[in-house]
Amino acid sequence: MQIIHDFKIPVKKYSELSQNNNFPHPEECPHCHDQLKKHGFYPRYVITIDGKCQHCGRTVSILPAFLFPRFQRSLNYIVCCMKEYLLQKKMILYKRALYFYLHRFTCNIPGLIAFFRDKYHSLIPFKLSRIKKATKLIKMIWSSDAQILSKEYQDHFNQCFMAL
Ligand SMILES: [Zn+2]
C-alpha cells in the first residue's frame with residue numbers, strides 16, 4: 001500500500017534533504033492494525049520510506065505527492081506534457097513516452113469522470129469522443145492543483161489515475 005504524502009516543499013529541496021526529510025511514520029499497519037516494525041529508506045529515483053508489518057507481511061510506503069506511483073518523472077511534468085499535446089498538439093517529450101502517458105491517462109477516463117462527478121459535481125457529457133473527454137479532463141486537472149487532485153483520486157479509489 002502506498003500513502004501519498006505532501007511534504008509541502010519543492011522537489012529540489014526534497015532531493016537535497018534526502019533521508020532528512022520530515023517523513024511521516026505510520027505507527028500501525030493500515031491492513032491489520034498491528035504495530036509496524038521496521039522502517040527503511042529506499043533510494044530509488046527518489047528517497048521513499050517503507051515499513052513492513054510483522055503480522056501480515058504487507059508493506060506500507062510513503063510516496064511524495066509530486067510523483068505518481070511507479071513513475072519517474074514528476075507528476076506536474078507528466079500532466080503538462082499531456083496538456084500541451086491534447087490542447088495544442090505540441091510535443092515537449094519524445095513520442096513514445098508521451099503516448100505511453102496518454103494511453104495510461106485515457107484508460108482512466110471512466111474513473112476520472114466518476115471522480116469529478118462524485119467529488120466536484122462536475123459532469124462531463126457522456127457522448128463526447130474519448131479524445132474530447134481526455135482534453136476536457138486534462139483542462140480540469142491543469143486549472144486546479146494536479147498534485148492535490150491526484151492525492152484525492154488516490155484516496156478515493158485507492159489507485160492513481162495513471163494506473164493500469
Ligand atoms: Zn499488517
# chains A, B, ... in the order shown; residues from 1 in each chain; ligands from 1
>>> residues_near_ligand(ligand="ligand 1", cutoff="7 Å", atoms="only C-alpha atoms and all ligand atoms", output="MDAnalysis selection string")
chainID A and resid 29:34 53:58
>>> closest_atom_pairs(of="segment 12-107 of chain A", to="segment 112-119 of chain A", cutoff="10 Å", atoms="only C-alpha atoms", output="tab-separated table")
residue	atom	partner	partner_atom	distance
A:Phe105	CA	A:Leu112	CA	9.1
A:Thr106	CA	A:Leu112	CA	9.3
A:Cys107	CA	A:Leu112	CA	9.6
>>> residues_around(residues="Ala65 of chain A", least_positions_apart="4", cutoff="8 Å", atoms="only C-alpha atoms", output="count of residues only")
7
>>> atom_distance(atom1="atom CA of Leu63 of chain A", atom2="atom CA of Gln2 of chain A")
6.5 Å
>>> select_by_dssp(residues="chain A", states="strand (DSSP E)", output="ChimeraX atom specification")
/A:2-5,36-43,47-53,59-64
>>> residues_around(residues="Pro64 of chain A", least_positions_apart="2", cutoff="12 Å", atoms="only C-alpha atoms", output="PyMOL selection string")
chain A and resi 2-11+14-15+18+21-24+45-49+61-62+66-72+74-75+147-148+150-151
>>> residues_around(residues="Thr135 of chain A", least_positions_apart="4", cutoff="12 Å", atoms="only C-alpha atoms", output="PyMOL selection string")
chain A and resi 79+82-89+102+105-106+109+124+128-131+139-142
>>> write_last_selection(atoms="C-alpha atoms", output="mmCIF file, in the first residue's frame")
data_model
loop_
_atom_site.group_PDB
_atom_site.id
_atom_site.type_symbol
_atom_site.label_atom_id
_atom_site.label_comp_id
_atom_site.auth_asym_id
_atom_site.auth_seq_id
_atom_site.Cartn_x
_atom_site.Cartn_y
_atom_site.Cartn_z
ATOM 1 C CA VAL A 79 0.392 16.382 -16.677
ATOM 2 C CA MET A 82 -0.273 15.636 -21.807
ATOM 3 C CA LYS A 83 -1.904 19.057 -21.623
ATOM 4 C CA GLU A 84 0.404 20.541 -24.280
ATOM 5 C CA TYR A 85 -0.325 17.662 -26.587
ATOM 6 C CA LEU A 86 -4.085 17.457 -26.063
ATOM 7 C CA LEU A 87 -4.676 21.193 -26.178
ATOM 8 C CA GLN A 88 -2.107 22.365 -28.722
ATOM 9 C CA LYS A 89 -0.714 19.217 -30.355
ATOM 10 C CA LEU A 102 -1.678 9.330 -22.820
ATOM 11 C CA PHE A 105 -4.492 8.518 -18.827
ATOM 12 C CA THR A 106 -7.205 7.600 -21.335
ATOM 13 C CA ILE A 109 -11.225 8.298 -18.233
ATOM 14 C CA ILE A 124 -18.746 15.526 -18.466
ATOM 15 C CA LEU A 128 -18.127 13.064 -26.205
ATOM 16 C CA SER A 129 -15.390 11.157 -28.001
ATOM 17 C CA ARG A 130 -12.548 9.659 -25.974
ATOM 18 C CA ILE A 131 -10.127 12.332 -27.073
ATOM 19 C CA LYS A 139 -8.018 21.054 -18.646
ATOM 20 C CA MET A 140 -9.842 20.468 -15.362
ATOM 21 C CA ILE A 141 -6.750 18.913 -13.815
ATOM 22 C CA TRP A 142 -4.436 21.608 -15.125
#
>>> closest_residue(among="A:Cys160, A:Ala97, A:Leu123, A:Met91", to="Arg73 of chain A", atoms="only C-alpha atoms")
A:Ala97
>>> closest_residue(among="A:Cys81, A:Leu17, A:Ala146, A:Leu164", to="His103 of chain A", atoms="only C-alpha atoms")
A:Leu164
>>> atom_distance(atom1="atom CA of Tyr77 of chain A", atom2="atom CA of Lys127 of chain A")
29.5 Å
